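Participant: This is the content of final19.cif (mmCIF, C-alpha atoms; chains and numbers go by the auth columns):
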data_data
loop_
_atom_site.group_PDB
_atom_site.id
_atom_site.type_symbol
_atom_site.label_atom_id
_atom_site.label_comp_id
_atom_site.label_asym_id
_atom_site.label_seq_id
_atom_site.Cartn_x
_atom_site.Cartn_y
_atom_site.Cartn_z
_atom_site.B_iso_or_equiv
_atom_site.auth_seq_id
_atom_site.auth_asym_id
ATOM 1 C CA MET A 1 213.166 32.802 227.630 0.00 1 A
ATOM 2 C CA ARG A 2 216.031 33.221 225.189 0.00 2 A
ATOM 3 C CA VAL A 3 217.533 29.943 223.969 0.00 3 A
ATOM 4 C CA HIS A 4 221.132 29.977 222.740 0.00 4 A
ATOM 5 C CA ARG A 5 222.291 27.888 219.810 0.00 5 A
ATOM 6 C CA LEU A 6 224.077 24.735 220.895 0.00 6 A
ATOM 7 C CA GLU A 7 226.172 22.699 218.484 0.00 7 A
ATOM 8 C CA LYS A 8 227.706 19.973 220.598 0.00 8 A
ATOM 9 C CA VAL A 9 227.615 18.414 224.059 0.00 9 A
ATOM 10 C CA LEU A 10 230.899 16.929 225.292 0.00 10 A
ATOM 11 C CA LEU A 11 230.928 14.461 228.184 0.00 11 A
ATOM 12 C CA TYR A 12 234.091 13.819 230.191 0.00 12 A
ATOM 13 C CA GLU A 13 234.509 11.227 232.956 0.00 13 A
ATOM 14 C CA GLU A 14 236.989 11.015 235.784 0.00 14 A
ATOM 15 C CA GLY A 15 237.194 8.460 238.606 0.00 15 A
ATOM 16 C CA LEU A 16 233.567 7.412 238.376 0.00 16 A
ATOM 17 C CA ALA A 17 231.467 4.911 240.296 0.00 17 A
ATOM 18 C CA GLU A 18 231.362 1.482 238.674 0.00 18 A
ATOM 19 C CA THR A 19 227.571 1.648 238.414 0.00 19 A
ATOM 20 C CA LEU A 20 227.642 4.817 236.297 0.00 20 A
ATOM 21 C CA ASP A 21 227.113 4.145 232.577 0.00 21 A
ATOM 22 C CA VAL A 22 228.380 7.215 230.703 0.00 22 A
ATOM 23 C CA ALA A 23 227.455 5.760 227.304 0.00 23 A
ATOM 24 C CA ASP A 24 223.846 5.403 228.495 0.00 24 A
ATOM 25 C CA ILE A 25 223.843 9.030 229.677 0.00 25 A
ATOM 26 C CA ALA A 26 225.205 10.160 226.288 0.00 26 A
ATOM 27 C CA GLU A 27 222.520 8.133 224.494 0.00 27 A
ATOM 28 C CA TYR A 28 219.842 9.716 226.687 0.00 28 A
ATOM 29 C CA LEU A 29 221.063 13.243 225.886 0.00 29 A
ATOM 30 C CA ALA A 30 221.303 12.480 222.161 0.00 30 A
ATOM 31 C CA ASP A 31 217.733 11.147 222.178 0.00 31 A
ATOM 32 C CA ARG A 32 216.371 14.261 223.897 0.00 32 A
ATOM 33 C CA LEU A 33 218.452 16.806 221.962 0.00 33 A
ATOM 34 C CA ARG A 34 218.046 15.186 218.525 0.00 34 A
ATOM 35 C CA GLU A 35 219.962 17.575 216.253 0.00 35 A
ATOM 36 C CA ILE A 36 222.701 18.390 218.752 0.00 36 A
ATOM 37 C CA GLU A 37 225.752 16.133 218.631 0.00 37 A
ATOM 38 C CA VAL A 38 226.749 14.366 221.848 0.00 38 A
ATOM 39 C CA GLU A 39 230.273 12.979 222.256 0.00 39 A
ATOM 40 C CA VAL A 40 232.018 11.104 225.079 0.00 40 A
ATOM 41 C CA ARG A 41 235.601 12.264 225.528 0.00 41 A
ATOM 42 C CA GLY A 42 236.732 10.131 228.494 0.00 42 A
ATOM 43 C CA ASN A 43 239.215 11.279 231.127 0.00 43 A
ATOM 44 C CA PRO A 44 240.291 14.893 230.447 0.00 44 A
ATOM 45 C CA PHE A 45 243.631 14.363 232.198 0.00 45 A
ATOM 46 C CA ALA A 46 244.517 11.725 229.593 0.00 46 A
ATOM 47 C CA LEU A 47 244.603 14.472 226.963 0.00 47 A
ATOM 48 C CA CYS A 48 247.756 15.997 228.465 0.00 48 A
ATOM 49 C CA PRO A 49 249.706 13.376 230.485 0.00 49 A
ATOM 50 C CA GLU A 50 252.837 15.516 230.358 0.00 50 A
ATOM 51 C CA LYS A 51 251.153 17.982 232.730 0.00 51 A
ATOM 52 C CA SER A 52 250.103 15.431 235.366 0.00 52 A
ATOM 53 C CA ASN A 53 252.558 16.785 237.959 0.00 53 A
ATOM 54 C CA ASP A 54 251.315 20.333 237.479 0.00 54 A
ATOM 55 C CA TYR A 55 247.656 19.358 237.729 0.00 55 A
ATOM 56 C CA ALA A 56 248.342 17.167 240.758 0.00 56 A
ATOM 57 C CA ARG A 57 249.822 20.186 242.552 0.00 57 A
ATOM 58 C CA LYS A 58 246.861 22.361 241.577 0.00 58 A
ATOM 59 C CA LEU A 59 244.347 19.764 242.782 0.00 59 A
ATOM 60 C CA ALA A 60 246.152 19.404 246.088 0.00 60 A
ATOM 61 C CA SER A 61 246.155 23.191 246.536 0.00 61 A
ATOM 62 C CA ILE A 62 242.347 23.486 246.316 0.00 62 A
ATOM 63 C CA LYS A 63 241.600 20.926 249.013 0.00 63 A
ATOM 64 C CA ILE A 64 239.308 22.172 251.788 0.00 64 A
ATOM 65 C CA GLN A 65 240.790 21.576 255.232 0.00 65 A
ATOM 66 C CA HIS A 66 237.936 22.941 257.354 0.00 66 A
ATOM 67 C CA ALA A 67 234.325 23.693 256.355 0.00 67 A
ATOM 68 C CA SER A 68 234.449 27.034 258.195 0.00 68 A
ATOM 69 C CA THR A 69 237.726 28.226 256.640 0.00 69 A
ATOM 70 C CA LYS A 70 237.775 29.563 253.089 0.00 70 A
ATOM 71 C CA ILE A 71 240.848 28.346 251.261 0.00 71 A
ATOM 72 C CA ALA A 72 243.497 30.798 250.148 0.00 72 A
ATOM 73 C CA SER A 73 243.998 31.111 246.399 0.00 73 A
ATOM 74 C CA GLU A 74 247.692 30.243 246.698 0.00 74 A
ATOM 75 C CA GLN A 75 247.837 27.703 249.512 0.00 75 A
ATOM 76 C CA GLU A 76 250.878 25.441 249.264 0.00 76 A
ATOM 77 C CA PRO A 77 250.151 21.683 249.413 0.00 77 A
ATOM 78 C CA LEU A 78 252.311 19.041 251.042 0.00 78 A
ATOM 79 C CA SER A 79 254.382 16.646 248.939 0.00 79 A
ATOM 80 C CA GLY A 80 252.256 13.679 250.046 0.00 80 A
ATOM 81 C CA GLU A 81 249.077 15.466 248.962 0.00 81 A
ATOM 82 C CA ILE A 82 250.548 16.106 245.508 0.00 82 A
ATOM 83 C CA GLN A 83 251.587 12.455 245.138 0.00 83 A
ATOM 84 C CA TYR A 84 248.098 11.341 246.145 0.00 84 A
ATOM 85 C CA GLU A 85 246.546 13.545 243.467 0.00 85 A
ATOM 86 C CA LYS A 86 248.970 12.257 240.853 0.00 86 A
ATOM 87 C CA ARG A 87 247.934 8.676 241.652 0.00 87 A
ATOM 88 C CA ARG A 88 244.307 9.693 241.234 0.00 88 A
ATOM 89 C CA ILE A 89 245.022 11.353 237.899 0.00 89 A
ATOM 90 C CA LEU A 90 246.816 8.203 236.696 0.00 90 A
ATOM 91 C CA GLY A 91 243.948 6.010 237.885 0.00 91 A
ATOM 92 C CA GLU A 92 246.061 4.226 240.490 0.00 92 A
ATOM 93 C CA THR A 93 243.653 4.950 243.358 0.00 93 A
ATOM 94 C CA ARG A 94 239.932 5.660 243.741 0.00 94 A
ATOM 95 C CA ALA A 95 240.052 6.672 247.392 0.00 95 A
ATOM 96 C CA PHE A 96 237.445 9.048 248.806 0.00 96 A
ATOM 97 C CA GLY A 97 237.457 11.548 251.662 0.00 97 A
ATOM 98 C CA VAL A 98 239.032 14.595 250.009 0.00 98 A
ATOM 99 C CA LEU A 99 236.876 17.721 249.668 0.00 99 A
ATOM 100 C CA TYR A 100 237.627 20.384 247.037 0.00 100 A
ATOM 101 C CA ASP A 101 236.548 23.977 246.460 0.00 101 A
ATOM 102 C CA GLY A 102 234.010 23.626 243.639 0.00 102 A
ATOM 103 C CA PHE A 103 234.736 26.865 241.795 0.00 103 A
ATOM 104 C CA HIS A 104 238.485 26.344 241.941 0.00 104 A
ATOM 105 C CA LEU A 105 237.953 22.796 240.661 0.00 105 A
ATOM 106 C CA GLN A 106 235.823 24.126 237.814 0.00 106 A
ATOM 107 C CA ARG A 107 238.546 26.575 236.796 0.00 107 A
ATOM 108 C CA LEU A 108 241.150 23.810 236.865 0.00 108 A
ATOM 109 C CA PHE A 109 239.063 21.571 234.615 0.00 109 A
ATOM 110 C CA SER A 110 238.492 24.483 232.215 0.00 110 A
ATOM 111 C CA GLU A 111 242.236 24.452 231.523 0.00 111 A
ATOM 112 C CA LEU A 112 241.855 20.945 230.076 0.00 112 A
ATOM 113 C CA ILE A 113 239.403 22.027 227.382 0.00 113 A
ATOM 114 C CA ALA A 114 240.730 22.534 223.864 0.00 114 A
ATOM 115 C CA ARG A 115 241.003 26.229 222.969 0.00 115 A
ATOM 116 C CA GLN A 116 238.964 25.827 219.754 0.00 116 A
ATOM 117 C CA GLU A 117 236.061 24.413 221.780 0.00 117 A
ATOM 118 C CA ARG A 118 235.868 27.253 224.298 0.00 118 A
ATOM 119 C CA ALA A 119 232.778 28.763 222.718 0.00 119 A
ATOM 120 C CA LEU A 120 229.085 29.178 223.574 0.00 120 A
ATOM 121 C CA GLY A 121 228.137 26.520 221.047 0.00 121 A
ATOM 122 C CA PHE A 122 229.787 23.812 223.151 0.00 122 A
ATOM 123 C CA ALA A 123 228.434 22.389 226.396 0.00 123 A
ATOM 124 C CA HIS A 124 231.222 20.724 228.387 0.00 124 A
ATOM 125 C CA ILE A 125 230.050 18.369 231.157 0.00 125 A
ATOM 126 C CA LEU A 126 232.498 16.654 233.477 0.00 126 A
ATOM 127 C CA LEU A 127 231.311 13.684 235.545 0.00 127 A
ATOM 128 C CA THR A 128 233.578 12.980 238.508 0.00 128 A
ATOM 129 C CA ASN A 129 233.550 11.181 241.838 0.00 129 A
ATOM 130 C CA ARG A 130 235.443 14.063 243.482 0.00 130 A
ATOM 131 C CA LEU A 131 233.412 15.647 246.264 0.00 131 A
ATOM 132 C CA PHE A 132 233.272 19.442 246.225 0.00 132 A
ATOM 133 C CA ALA A 133 231.680 22.311 248.096 0.00 133 A
ATOM 134 C CA THR A 134 231.154 26.036 247.566 0.00 134 A
ATOM 135 C CA TRP A 135 231.675 28.846 250.040 0.00 135 A
ATOM 136 C CA GLU A 136 228.594 30.696 251.269 0.00 136 A
ATOM 137 C CA GLU A 137 229.172 34.193 252.630 0.00 137 A
ATOM 138 C CA GLY A 138 225.873 34.151 254.541 0.00 138 A
ATOM 139 C CA ASP A 139 226.961 31.647 257.174 0.00 139 A
ATOM 140 C CA ARG A 140 230.631 31.745 256.185 0.00 140 A
ATOM 141 C CA ARG A 141 231.148 28.057 255.598 0.00 141 A
ATOM 142 C CA TYR A 142 231.376 25.526 252.794 0.00 142 A
ATOM 143 C CA HIS A 143 228.335 23.554 251.663 0.00 143 A
ATOM 144 C CA LEU A 144 228.470 20.281 249.746 0.00 144 A
ATOM 145 C CA ARG A 145 227.229 20.432 246.145 0.00 145 A
ATOM 146 C CA THR A 146 226.019 17.916 243.599 0.00 146 A
ATOM 147 C CA SER A 147 227.080 20.177 240.751 0.00 147 A
ATOM 148 C CA VAL A 148 228.546 23.470 239.646 0.00 148 A
ATOM 149 C CA TYR A 149 227.292 24.719 236.281 0.00 149 A
ATOM 150 C CA GLY A 150 229.255 26.876 233.881 0.00 150 A
ATOM 151 C CA PHE A 151 232.448 26.357 231.886 0.00 151 A
ATOM 152 C CA PRO A 152 232.651 23.457 232.268 0.00 152 A
ATOM 153 C CA SER A 153 229.730 22.075 234.247 0.00 153 A
ATOM 154 C CA ILE A 154 230.912 19.544 236.814 0.00 154 A
ATOM 155 C CA ILE A 155 228.683 16.890 238.375 0.00 155 A
ATOM 156 C CA SER A 156 229.826 14.831 241.353 0.00 156 A
ATOM 157 C CA THR A 157 228.514 11.277 241.687 0.00 157 A
ATOM 158 C CA THR A 158 229.711 11.378 245.300 0.00 158 A
ATOM 159 C CA GLY A 159 227.898 14.695 245.736 0.00 159 A
ATOM 160 C CA LEU A 160 224.655 13.091 244.564 0.00 160 A
ATOM 161 C CA VAL A 161 225.006 10.785 247.565 0.00 161 A
ATOM 162 C CA GLU A 162 226.341 13.211 250.165 0.00 162 A
ATOM 163 C CA ALA A 163 224.951 16.675 249.342 0.00 163 A
ATOM 164 C CA PRO A 164 221.122 16.278 249.340 0.00 164 A
ATOM 165 C CA ALA A 165 219.972 15.631 252.888 0.00 165 A
ATOM 166 C CA LYS A 166 218.742 12.199 253.927 0.00 166 A
ATOM 167 C CA PRO A 167 215.543 11.809 256.033 0.00 167 A
ATOM 168 C CA ARG A 168 215.813 13.506 259.444 0.00 168 A
ATOM 169 C CA GLU A 169 215.107 10.180 261.133 0.00 169 A
ATOM 170 C CA TYR A 170 218.227 8.740 259.522 0.00 170 A
ATOM 171 C CA TYR A 171 220.508 11.304 261.191 0.00 171 A
ATOM 172 C CA LEU A 172 218.889 10.795 264.601 0.00 172 A
ATOM 173 C CA LEU A 173 219.329 7.042 264.384 0.00 173 A
ATOM 174 C CA LYS A 174 222.863 7.436 263.010 0.00 174 A
ATOM 175 C CA GLN A 175 223.895 9.275 266.178 0.00 175 A
ATOM 176 C CA GLN A 176 222.470 6.450 268.285 0.00 176 A
ATOM 177 C CA TYR A 177 224.191 3.783 266.186 0.00 177 A
ATOM 178 C CA GLU A 178 227.547 5.563 266.479 0.00 178 A
ATOM 179 C CA MET A 179 227.192 5.984 270.250 0.00 179 A
ATOM 180 C CA LEU A 180 226.393 2.276 270.636 0.00 180 A
ATOM 181 C CA GLY A 181 229.052 1.159 268.156 0.00 181 A
ATOM 182 C CA LYS A 182 226.469 -0.537 265.954 0.00 182 A
ATOM 183 C CA ASP A 183 226.991 -1.323 262.256 0.00 183 A
ATOM 184 C CA LEU A 184 225.829 1.587 260.045 0.00 184 A
ATOM 185 C CA LEU A 185 225.199 -0.851 257.183 0.00 185 A
ATOM 186 C CA GLU A 186 222.312 -2.186 259.237 0.00 186 A
ATOM 187 C CA LEU A 187 220.937 1.353 259.530 0.00 187 A
ATOM 188 C CA LYS A 188 221.218 1.930 255.768 0.00 188 A
ATOM 189 C CA GLU A 189 219.383 -1.318 255.131 0.00 189 A
ATOM 190 C CA GLY A 190 216.456 0.034 257.121 0.00 190 A
ATOM 191 C CA PHE A 191 216.267 3.075 254.823 0.00 191 A
ATOM 192 C CA LYS A 192 216.991 1.116 251.643 0.00 192 A
ATOM 193 C CA GLY A 193 215.674 2.912 248.578 0.00 193 A
ATOM 194 C CA GLY A 194 215.064 6.119 250.514 0.00 194 A
ATOM 195 C CA PHE A 195 218.245 7.790 249.315 0.00 195 A
ATOM 196 C CA ILE A 196 220.933 7.366 246.671 0.00 196 A
ATOM 197 C CA ASP A 197 223.975 5.519 247.986 0.00 197 A
ATOM 198 C CA HIS A 198 227.486 4.816 246.680 0.00 198 A
ATOM 199 C CA GLU A 199 227.508 2.347 243.762 0.00 199 A
ATOM 200 C CA ASP A 200 223.714 2.679 243.607 0.00 200 A
ATOM 201 C CA GLU A 201 222.148 1.021 240.547 0.00 201 A
ATOM 202 C CA ARG A 202 219.958 4.134 240.115 0.00 202 A
ATOM 203 C CA LEU A 203 222.945 6.475 239.811 0.00 203 A
ATOM 204 C CA THR A 204 222.999 6.520 235.999 0.00 204 A
ATOM 205 C CA ASP A 205 219.329 7.513 235.721 0.00 205 A
ATOM 206 C CA VAL A 206 219.744 10.223 238.358 0.00 206 A
ATOM 207 C CA THR A 207 222.833 11.635 236.618 0.00 207 A
ATOM 208 C CA LYS A 208 220.900 11.914 233.337 0.00 208 A
ATOM 209 C CA GLY A 209 218.758 14.626 234.891 0.00 209 A
ATOM 210 C CA TYR A 210 221.765 16.532 236.213 0.00 210 A
ATOM 211 C CA ALA A 211 223.453 16.314 232.830 0.00 211 A
ATOM 212 C CA MET A 212 220.304 17.826 231.353 0.00 212 A
ATOM 213 C CA GLN A 213 220.519 20.641 233.915 0.00 213 A
ATOM 214 C CA ALA A 214 224.008 21.345 232.571 0.00 214 A
ATOM 215 C CA VAL A 215 222.635 21.388 229.017 0.00 215 A
ATOM 216 C CA PHE A 216 219.926 23.876 229.994 0.00 216 A
ATOM 217 C CA HIS A 217 222.538 26.076 231.620 0.00 217 A
ATOM 218 C CA SER A 218 224.240 26.276 228.215 0.00 218 A
ATOM 219 C CA LEU A 219 220.924 26.797 226.419 0.00 219 A
ATOM 220 C CA THR A 220 219.294 29.392 228.672 0.00 220 A
ATOM 221 C CA GLY A 221 221.768 30.352 231.397 0.00 221 A
ATOM 222 C CA ASP A 222 219.497 28.769 234.039 0.00 222 A
ATOM 223 C CA PRO A 223 219.885 25.060 234.892 0.00 223 A
ATOM 224 C CA PHE A 224 217.013 24.895 237.377 0.00 224 A
ATOM 225 C CA CYS A 225 213.226 24.770 237.536 0.00 225 A
ATOM 226 C CA GLU A 226 210.895 25.544 240.444 0.00 226 A
ATOM 227 C CA ASP A 227 208.572 22.665 239.508 0.00 227 A
ATOM 228 C CA ARG A 228 209.349 19.774 241.890 0.00 228 A
ATOM 229 C CA SER A 229 208.278 17.244 239.253 0.00 229 A
ATOM 230 C CA CYS A 230 210.720 18.538 236.599 0.00 230 A
ATOM 231 C CA ARG A 231 214.146 16.932 236.196 0.00 231 A
ATOM 232 C CA LEU A 232 215.640 20.408 236.426 0.00 232 A
ATOM 233 C CA TYR A 233 214.421 20.873 240.004 0.00 233 A
ATOM 234 C CA ASN A 234 217.236 21.835 242.380 0.00 234 A
ATOM 235 C CA ALA A 235 216.708 19.174 245.053 0.00 235 A
ATOM 236 C CA HIS A 236 218.029 19.763 248.562 0.00 236 A
ATOM 237 C CA TRP A 237 216.663 16.516 250.015 0.00 237 A
ATOM 238 C CA GLN A 238 217.195 12.965 248.796 0.00 238 A
ATOM 239 C CA ALA A 239 213.427 12.448 248.661 0.00 239 A
ATOM 240 C CA GLU A 240 213.094 15.451 246.320 0.00 240 A
ATOM 241 C CA LEU A 241 215.945 14.157 244.147 0.00 241 A
ATOM 242 C CA ILE A 242 214.414 10.682 243.832 0.00 242 A
ATOM 243 C CA PHE A 243 210.987 12.077 242.982 0.00 243 A
ATOM 244 C CA ALA A 244 212.228 14.550 240.347 0.00 244 A
ATOM 245 C CA GLN A 245 214.704 12.176 238.707 0.00 245 A
ATOM 246 C CA LEU A 246 213.125 8.737 239.031 0.00 246 A
ATOM 247 C CA GLU A 247 209.430 8.889 239.853 0.00 247 A
ATOM 248 C CA SER A 248 207.885 11.966 238.258 0.00 248 A
ATOM 249 C CA GLU A 249 206.125 11.805 234.884 0.00 249 A
ATOM 250 C CA PRO A 250 206.446 13.456 232.460 0.00 250 A
ATOM 251 C CA GLU A 251 210.183 14.177 232.792 0.00 251 A
ATOM 252 C CA PHE A 252 209.968 17.927 232.269 0.00 252 A
ATOM 253 C CA CYS A 253 207.539 20.728 233.011 0.00 253 A
ATOM 254 C CA GLU A 254 205.660 22.251 230.079 0.00 254 A
ATOM 255 C CA GLN A 255 208.087 25.146 229.672 0.00 255 A
ATOM 256 C CA HIS A 256 211.233 23.042 229.514 0.00 256 A
ATOM 257 C CA ALA A 257 209.593 20.306 227.440 0.00 257 A
ATOM 258 C CA SER A 258 208.618 23.033 224.956 0.00 258 A
ATOM 259 C CA ILE A 259 212.232 24.214 224.728 0.00 259 A
ATOM 260 C CA LEU A 260 213.389 20.675 223.955 0.00 260 A
ATOM 261 C CA GLU A 261 210.699 20.331 221.289 0.00 261 A
ATOM 262 C CA SER A 262 211.786 23.599 219.694 0.00 262 A
ATOM 263 C CA LEU A 263 215.342 22.260 219.393 0.00 263 A
ATOM 264 C CA CYS A 264 214.042 19.264 217.450 0.00 264 A
ATOM 265 C CA ARG A 265 212.254 21.549 214.971 0.00 265 A
ATOM 266 C CA LYS A 266 215.386 23.545 214.096 0.00 266 A
#
Any chance you could put this one into structure tokens?

Facilitator:
Amino acid sequence: MRVHRLEKVLLYEEGLAETLDVADIAEYLADRLREIEVEVRGNPFALCPEKSNDYARKLASIKIQHASTKIASEQEPLSGEIQYEKRRILGETRAFGVLYDGFHLQRLFSELIARQERALGFAHILLTNRLFATWEEGDRRYHLRTSVYGFPSIISTTGLVEAPAKPREYYLLKQQYEMLGKDLLELKEGFKGGFIDHEDERLTDVTKGYAMQAVFHSLTGDPFCEDRSCRLYNAHWQAELIFAQLESEPEFCEQHASILESLCRK
């Protein structure tokens, strides 16, 4: 496997969960990558406040209205949607419920990256609470994602909660609770620890593994591993995510651990 030279990892954060410690994630990456510099840049929108209106319009235009309808590249947003996005950009609201096209969102964030840092030697990783999905031609619908890797890589803390499937029993009981008008918090309590939830204390440790997937995408072009016990495993179920990110030892399979060791020897 060919490993590309990486000079610097840049972490950006936007509208994150209060339980997410970006400094701890940066320290984790620096410890594993040794000779590669890791820097926290903060909110990318803060780098160009004069363009907040323009970016608010672009964000509003990539909102998914229906999971079975692929958005048009030039859909025109409503004034209220633009104002909502501007408030989010300015940090005046942390509301949830909006779903974005992941690849369009990635392209928008790429515009915020400094021109001199748009090179293969830089790994740009954006951590956000925005929920996004990608269109699948097979069944012609959007599917929720935890991450989209590339330039830049974007990782959704909300996606870590919503995208990997919870236990099947949870969904069956959820239908019953909703029909009976019962409190869903009671249901979640019964499955406590079985999946990652909003403002979960484990969110930082889980995100470390996804940030490392983004790093490996920059290093090798492939962020994933087929080994279920490796932090690079592409989990589709919450149980798989928890095992790969929190319970499995060692952290990485032999192949990926070897790549990390080779970086330390350079």

Participant: So for region 2-19 of chain A, what box centre and size do we get, axis-aligned, 4 Å extra on each of the six sides, every listed atom, Å to one decimal, as AutoDock Vina command-line options?

Facilitator:
--center_x 226.6 --center_y 17.4 --center_z 229.4 --size_x 29.2 --size_y 39.7 --size_z 29.8

Participant: Find the residue from A:Glu111, A:Asp200, A:Glu249, A:Asp227 that sits nearest to Asp21 (chain A); use only C-alpha atoms when measuring.

Facilitator: A:Asp200

Participant: Applied to this file, what does the PyMOL selection byres ((chain A and resi 120) around 8) return in terms of residues, put as a ChimeraX atom specification?

Facilitator: /A:5-6,118-119,121-123,218

Participant: Write the residues of the preceding selection, restricted to C-alpha atoms, as a PDB file, in the frame of the given file.

Facilitator:
ATOM      1  CA  ARG A   5     222.291  27.888 219.810  1.00  0.00           C
ATOM      2  CA  LEU A   6     224.077  24.735 220.895  1.00  0.00           C
ATOM      3  CA  ARG A 118     235.868  27.253 224.298  1.00  0.00           C
ATOM      4  CA  ALA A 119     232.778  28.763 222.718  1.00  0.00           C
ATOM      5  CA  GLY A 121     228.137  26.520 221.047  1.00  0.00           C
ATOM      6  CA  PHE A 122     229.787  23.812 223.151  1.00  0.00           C
ATOM      7  CA  ALA A 123     228.434  22.389 226.396  1.00  0.00           C
ATOM      8  CA  SER A 218     224.240  26.276 228.215  1.00  0.00           C
TER       9      SER A 218
END

Participant: Name the closest residue to Ser73 (chain A) among the candidates A:Pro152, A:His104, A:Leu99, A:Arg88; distances are taken between atoms, counting all atoms listed in the file.

Facilitator: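 The closest residue to Ser73 (chain A) is A:His104.
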
Participant: To verify the selection step, state as number ranges by chain which residues the PyMOL selection byres ((chain A and resi 134-145) around 8) yields on this input.

Facilitator: A: 67-70, 101-103, 131-133, 146-148, 156, 159-160, 162-163

Participant: How many Å lie between CA of Gly181 (chain A) and CA of Gly97 (chain A), rounded to one decimal?

Facilitator: 21.2 Å

Participant: From the set A:Ile155, A:Leu203, A:Leu108, A:Leu246, which residue has the shortest atom-to-atom contact distance to Thr128 (chain A), counting only C-alpha atoms?

Facilitator: A:Ile155

Participant: What is the distance, in Å and to one decimal place, between CA of Ala165 (chain A) and CA of His236 (chain A)?

Facilitator: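 If I compute the distance from CA of Ala165 (chain A) to CA of His236 (chain A), I get 6.3 Å.
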
Participant: Given the PyMOL selection byres ((chain A and resi 191) around 12) and the file above, list the residues it selects as a compact mmCIF listing (two decimals) with C-alpha atoms, in the coordinates of the input.

Facilitator:
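So part-v1.txt came out as:
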# COMPACT_ATOMS: atom_id res chain seq x y z
CA LYS A 166 218.74 12.20 253.93
CA PRO A 167 215.54 11.81 256.03
CA ARG A 168 215.81 13.51 259.44
CA GLU A 169 215.11 10.18 261.13
CA TYR A 170 218.23 8.74 259.52
CA TYR A 171 220.51 11.30 261.19
CA LEU A 173 219.33 7.04 264.38
CA LYS A 174 222.86 7.44 263.01
CA LEU A 184 225.83 1.59 260.04
CA LEU A 185 225.20 -0.85 257.18
CA GLU A 186 222.31 -2.19 259.24
CA LEU A 187 220.94 1.35 259.53
CA LYS A 188 221.22 1.93 255.77
CA GLU A 189 219.38 -1.32 255.13
CA GLY A 190 216.46 0.03 257.12
CA LYS A 192 216.99 1.12 251.64
CA GLY A 193 215.67 2.91 248.58
CA GLY A 194 215.06 6.12 250.51
CA PHE A 195 218.24 7.79 249.32
CA ILE A 196 220.93 7.37 246.67
CA ASP A 197 223.98 5.52 247.99
CA GLN A 238 217.20 12.96 248.80
CA ALA A 239 213.43 12.45 248.66

Participant: Between A:Lys58, A:Arg107, A:Lys51, A:Lys208, which has the minimum distance to Ile25 (chain A) (counting only C-alpha atoms)?

Facilitator: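 Checking each candidate against Ile25 (chain A), we get A:Lys208 as the closest.
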
Participant: Quick one, how far is CA of Val3 (chain A) from CA of Gln255 (chain A)?

Facilitator: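 It comes out at 12.0 Å.
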
Participant: Within 6 Å of (242.1, 10.0, 238.0) (coordinates as in the file), grab all the protein and nucleic acid residues, counting only C-alpha atoms, and write them out as a CSV table (one decimal) with C-alpha atoms, keeping the file's coordinate frame.

Facilitator:
chain,number,residue,atom,x,y,z
A,14,GLU,CA,237.0,11.0,235.8
A,15,GLY,CA,237.2,8.5,238.6
A,88,ARG,CA,244.3,9.7,241.2
A,89,ILE,CA,245.0,11.4,237.9
A,90,LEU,CA,246.8,8.2,236.7
A,91,GLY,CA,243.9,6.0,237.9

Participant: For the point (251.1, 16.2, 233.0) in the file's frame, write as number ranges by chain all residues with an atom no more than 12 Å away, counting only C-alpha atoms.

Facilitator: A: 44-58, 85-87, 89-90, 112

Participant: Which residues, written as a PyMOL selection string, have at least one atom at most 12 Å from Asp205 (chain A), with only C-alpha atoms counted and residues fewer than 5 positions away on the same chain left out?

Facilitator: chain A and resi 19-29+157+160+196+200+210-212+231+241-247+251

Participant: Considering only C-alpha atoms, state which residue in the set A:Cys225, A:Leu78, A:Ile62, A:Leu10 is at the smallest distance from Ala114 (chain A).

Facilitator: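 That would be A:Leu10, the residue with the smallest distance to Ala114 (chain A).
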
Participant: Taking all atoms listed in the file into account, name the residue in A:Pro164, A:Asp183, A:Arg32, A:Ile154 that is nearest to Ala257 (chain A).

Facilitator: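 The closest residue to Ala257 (chain A) is A:Arg32.
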